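Student: One structure is given below, represented as structure tokens, and several questions about it will come after.
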Amino acid sequence: MNYRHAFHAGNFADVFKHALLTRILLYLLRKDAPIRFIDTHAGIGFYDLNSPQALRSGEAQQGIQRILATSFEAPVAGLLQPWLDYVRQSLNKVDMAFYPGSPALAAHFLRSQDRMILCELHREDRAQLVGNMGRDARLKVIEMDGYMGLKAFVPPQERRGLVLIDPPFEQGDEFENLAKGFLAAYARWPTGTYALWYPLKHPAKADQLTDHLKVNEVKRLLRIELDICAWHKEGPLTGCGFLLVNPPHILAQEAQMLLPALTQALAIGPGADWRIGQVTGE
């Protein structure tokens with residue numbers, strides 16, 4: 001599977017991912033103590049939805065554009081507002097009207113005392129990331145494999161923060177690499193908050209990943225998934241999920257409100273659904 005961000009920016013998976021990431025970040029920022037955001041597969045930060053890649057796929061029209069055109073009722077509207085306000089602000093800029101990816105999203109919400117580590121292995125993407133993010137003393141952009149980044153930067157000195165592991169899933173063994181890389185980081189920093197994103201092209205692999213983490217005694221594990229239609233083995237990506245480790249206590253409750261509304265807005269056919277499961281206890 002090839003999941004380069006430029007082709008899929010603003011699609012349903014980005015909506016799912018960024019809506020939940022915003023809720024996690026806002027919760028972590030309730031305390032004055034600094035946090036660190038670590039993005040293992042950062043991409044380029046901002047994405048032009050009018051680029052040849054984005055126009056070729058047309059996925060943003062079925063993703064973020066649908067969300068922006070939907071009038072959500074309270075309390076869903078309130079939960080989405082901080083994220084969507086920033087998306088609208090970014091898309092309406094005269095000089096750079098681009099969709100914000102995870103690094104840009106984090107940079108928008110983080111405070112002066114917080115820090116970011118952005119890992120991007122592809123040299124051209126890293127150069128674009130540096131150019132798009134501008135001069136920001138809070139962040140470091142590292143040309144490095146994301147899993148090597150986990151070894152190098154976990155645990156952070158702040159001892160509070162969020163690690164996003166969002167691989168491109170271009171390799172057949174990506175689920176195995178994801179599990180191995182996360183578990184090594186978790187052993188060094190078991191109190192950190194981790195968000196492990198995965199596609200639902202092979203649902204059994206997501207089950208195996210969950211079971212593997214449970215066997216290795218990962219505590220406070222929350223699994224959240226969304227499908228925009230029934231899954232077809234040979235079809236395009238229609239579902240994705242998050243395995244969240246040490247998520248905010250309130251996140252499951254917020255997701256119970258968000259996921260039905262997002263699924264309804266993003267559905268493209270029969271079988272659209274969502275799932276939230278508290279896999280392990282407190």
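Chain lettering (A, B, ...) mirrors the order of the structure tokens, residue numbering begins at 1 for each chain separately, and ligand numbering begins at 1 in order of display.
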Find the residues of region 6-106 of chain A that sit at most 12 Å from region 181-200 of chain A; for each, write down the nearest two atoms and how far apart they are in Å, to one decimal. Count only C-alpha atoms. Sort by chain, then by number going up, and give it as a tab-separated table.
Tutor:
residue	atom	partner	partner_atom	distance
A:Phe12	CA	A:Pro199	CA	11.4
A:Ala13	CA	A:Pro199	CA	8.4
A:Asp14	CA	A:Trp197	CA	10.4
A:Phe16	CA	A:Trp197	CA	10.1
A:Lys17	CA	A:Trp197	CA	7.7
A:His18	CA	A:Trp197	CA	11.0
A:Leu20	CA	A:Ala195	CA	9.6
A:Leu21	CA	A:Ala195	CA	8.2
A:Thr22	CA	A:Ala195	CA	11.8
A:Ile24	CA	A:Thr193	CA	8.8
A:Leu25	CA	A:Thr193	CA	10.0
A:Tyr27	CA	A:Thr193	CA	11.3
A:Leu28	CA	A:Thr193	CA	9.3
A:Ile35	CA	A:Gly192	CA	10.2
A:Arg36	CA	A:Gly192	CA	9.9
A:Phe37	CA	A:Thr193	CA	9.7
A:Ile38	CA	A:Tyr194	CA	9.4
A:Asp39	CA	A:Ala195	CA	9.8
A:Thr40	CA	A:Leu196	CA	10.4
A:His41	CA	A:Trp197	CA	10.9
A:Ser102	CA	A:Ala195	CA	11.8
Student: Please give the complete set of residues from region 66-267 of chain A that DSSP, run on the backbone, assigns to strand (DSSP E), formatted as number ranges by chain.
Tutor: A: 99-100, 115-119, 139-142, 161-165, 193-199, 221-227, 239-245
Student: Show which residues sit within 8 Å of region 225-238 of chain A, as a list in words. Count only C-alpha atoms, and ignore same-chain residues fewer than 6 positions away.
Tutor: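 Within the cut-off, the hits are Phe12, Phe16, Pro199, Leu200, Lys201, His202, Leu259, Thr263, Leu266, Ala267, Ile268, Gly269, Pro270, Gly271, Ala272, Asp273, Trp274, Arg275 and Ile276 of chain A.
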Student: Between A:Gly239, A:Ala179, A:Phe153, A:Ala33, which residue has the minimum interatomic distance to Thr210 (chain A), considering only C-alpha atoms?
Tutor: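 Of the candidates, the smallest distance to Thr210 (chain A) is held by A:Ala179.
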Student: Given the choices A:Ala252, A:Ala9, A:Leu178, A:Leu84, which gets closest to Gln208 (chain A) if the distance is worked out from only C-alpha atoms?
Tutor: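 Answer, going by the shortest atom-to-atom distance: A:Leu178.
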Student: Please determine, counting only C-alpha atoms, which residue among A:Asp85, A:Asp173, A:Glu73, A:Glu124 has the shortest atom-to-atom distance to Leu209 (chain A).
Tutor: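 Counting only C-alpha atoms, the residue closest to Leu209 (chain A) is A:Asp173.
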Student: Just the residues within 9 Å of Ile44 (chain A), please, counting only C-alpha atoms, with nothing from its chain fewer than 4 positions along; format it as an NGL selection string.
Tutor: :A and (5-6 or 101 or 103 or 120 or 124-133)
Student: Would you mind exporting the chosen residues as a JSON list (two decimals), in the first residue's frame, restricted to C-alpha atoms?
Tutor:
[["chain", "number", "residue", "atom", "x", "y", "z"],
["A", 5, "HIS", "CA", 0.34, 12.22, 2.26],
["A", 6, "ALA", "CA", 0.32, 14.53, -0.77],
["A", 101, "GLY", "CA", -1.07, 18.24, 8.47],
["A", 103, "PRO", "CA", 3.01, 19.00, 12.42],
["A", 120, "GLU", "CA", 10.92, 12.75, 8.03],
["A", 124, "GLU", "CA", 12.63, 16.20, -0.51],
["A", 125, "ASP", "CA", 9.72, 15.99, 1.93],
["A", 126, "ARG", "CA", 12.00, 17.07, 4.76],
["A", 127, "ALA", "CA", 13.11, 20.12, 2.77],
["A", 128, "GLN", "CA", 9.47, 21.03, 2.11],
["A", 129, "LEU", "CA", 8.65, 20.49, 5.78],
["A", 130, "VAL", "CA", 11.40, 22.90, 6.83],
["A", 131, "GLY", "CA", 10.19, 25.48, 4.32],
["A", 132, "ASN", "CA", 6.53, 25.10, 5.25],
["A", 133, "MET", "CA", 7.01, 25.25, 9.00]]
Student: Taking 5 positions as the minimum chain separation for residues in the same chain, which residues sit within 8 Å of Leu79 (chain A) when counting only C-alpha atoms? Answer as a ChimeraX atom specification.
Tutor: /A:23,254,258
Student: For Val279 (chain A), which residue out of A:Pro260, A:Ser71, A:Ala54, A:Leu213 is the nearest one, using only C-alpha atoms?
Tutor: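 Of the candidates, the smallest distance to Val279 (chain A) is held by A:Leu213.
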Student: Within 12 Å of Asp145 (chain A), counting only C-alpha atoms, which residues qualify if same-chain residues fewer than 6 places away don't, as number ranges by chain?
Tutor: A: 39-43, 118-123, 126, 151-152, 165-168, 177, 181
Student: Filtering to C-alpha atoms, could you give me those residues as a PDB file, in the first residue's frame?
Tutor:
ATOM      1  CA  ASP A  39       5.837  12.964  14.954  1.00  0.00           C
ATOM      2  CA  THR A  40       7.677   9.935  13.563  1.00  0.00           C
ATOM      3  CA  HIS A  41       6.493  10.279   9.949  1.00  0.00           C
ATOM      4  CA  ALA A  42       5.873  14.004   9.667  1.00  0.00           C
ATOM      5  CA  GLY A  43       5.333  14.573   5.937  1.00  0.00           C
ATOM      6  CA  LEU A 118       9.480  16.064  13.517  1.00  0.00           C
ATOM      7  CA  CYS A 119      11.072  13.053  11.811  1.00  0.00           C
ATOM      8  CA  GLU A 120      10.916  12.749   8.029  1.00  0.00           C
ATOM      9  CA  LEU A 121      13.105  10.278   6.144  1.00  0.00           C
ATOM     10  CA  HIS A 122      12.423  11.426   2.566  1.00  0.00           C
ATOM     11  CA  ARG A 123      14.898  14.201   1.796  1.00  0.00           C
ATOM     12  CA  ARG A 126      11.999  17.068   4.765  1.00  0.00           C
ATOM     13  CA  LYS A 151      14.936   5.393  19.952  1.00  0.00           C
ATOM     14  CA  ALA A 152      16.651   8.770  19.858  1.00  0.00           C
ATOM     15  CA  ILE A 165       3.310   7.097  14.918  1.00  0.00           C
ATOM     16  CA  ASP A 166       1.738   7.439  11.485  1.00  0.00           C
ATOM     17  CA  PRO A 167       3.687   5.307   8.977  1.00  0.00           C
ATOM     18  CA  PRO A 168       2.989   5.361   5.221  1.00  0.00           C
ATOM     19  CA  ASN A 177       7.578  -2.576  12.578  1.00  0.00           C
ATOM     20  CA  GLY A 181       9.054   0.404  17.456  1.00  0.00           C
TER      21      GLY A 181
END
Student: Please indicate the distance in Å from CA of Phe109 (chain A) to CA of Phe72 (chain A), rounded to one decimal place.
Tutor: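 Computed distance, CA of Phe109 (chain A) to CA of Phe72 (chain A), equals 22.4 Å.
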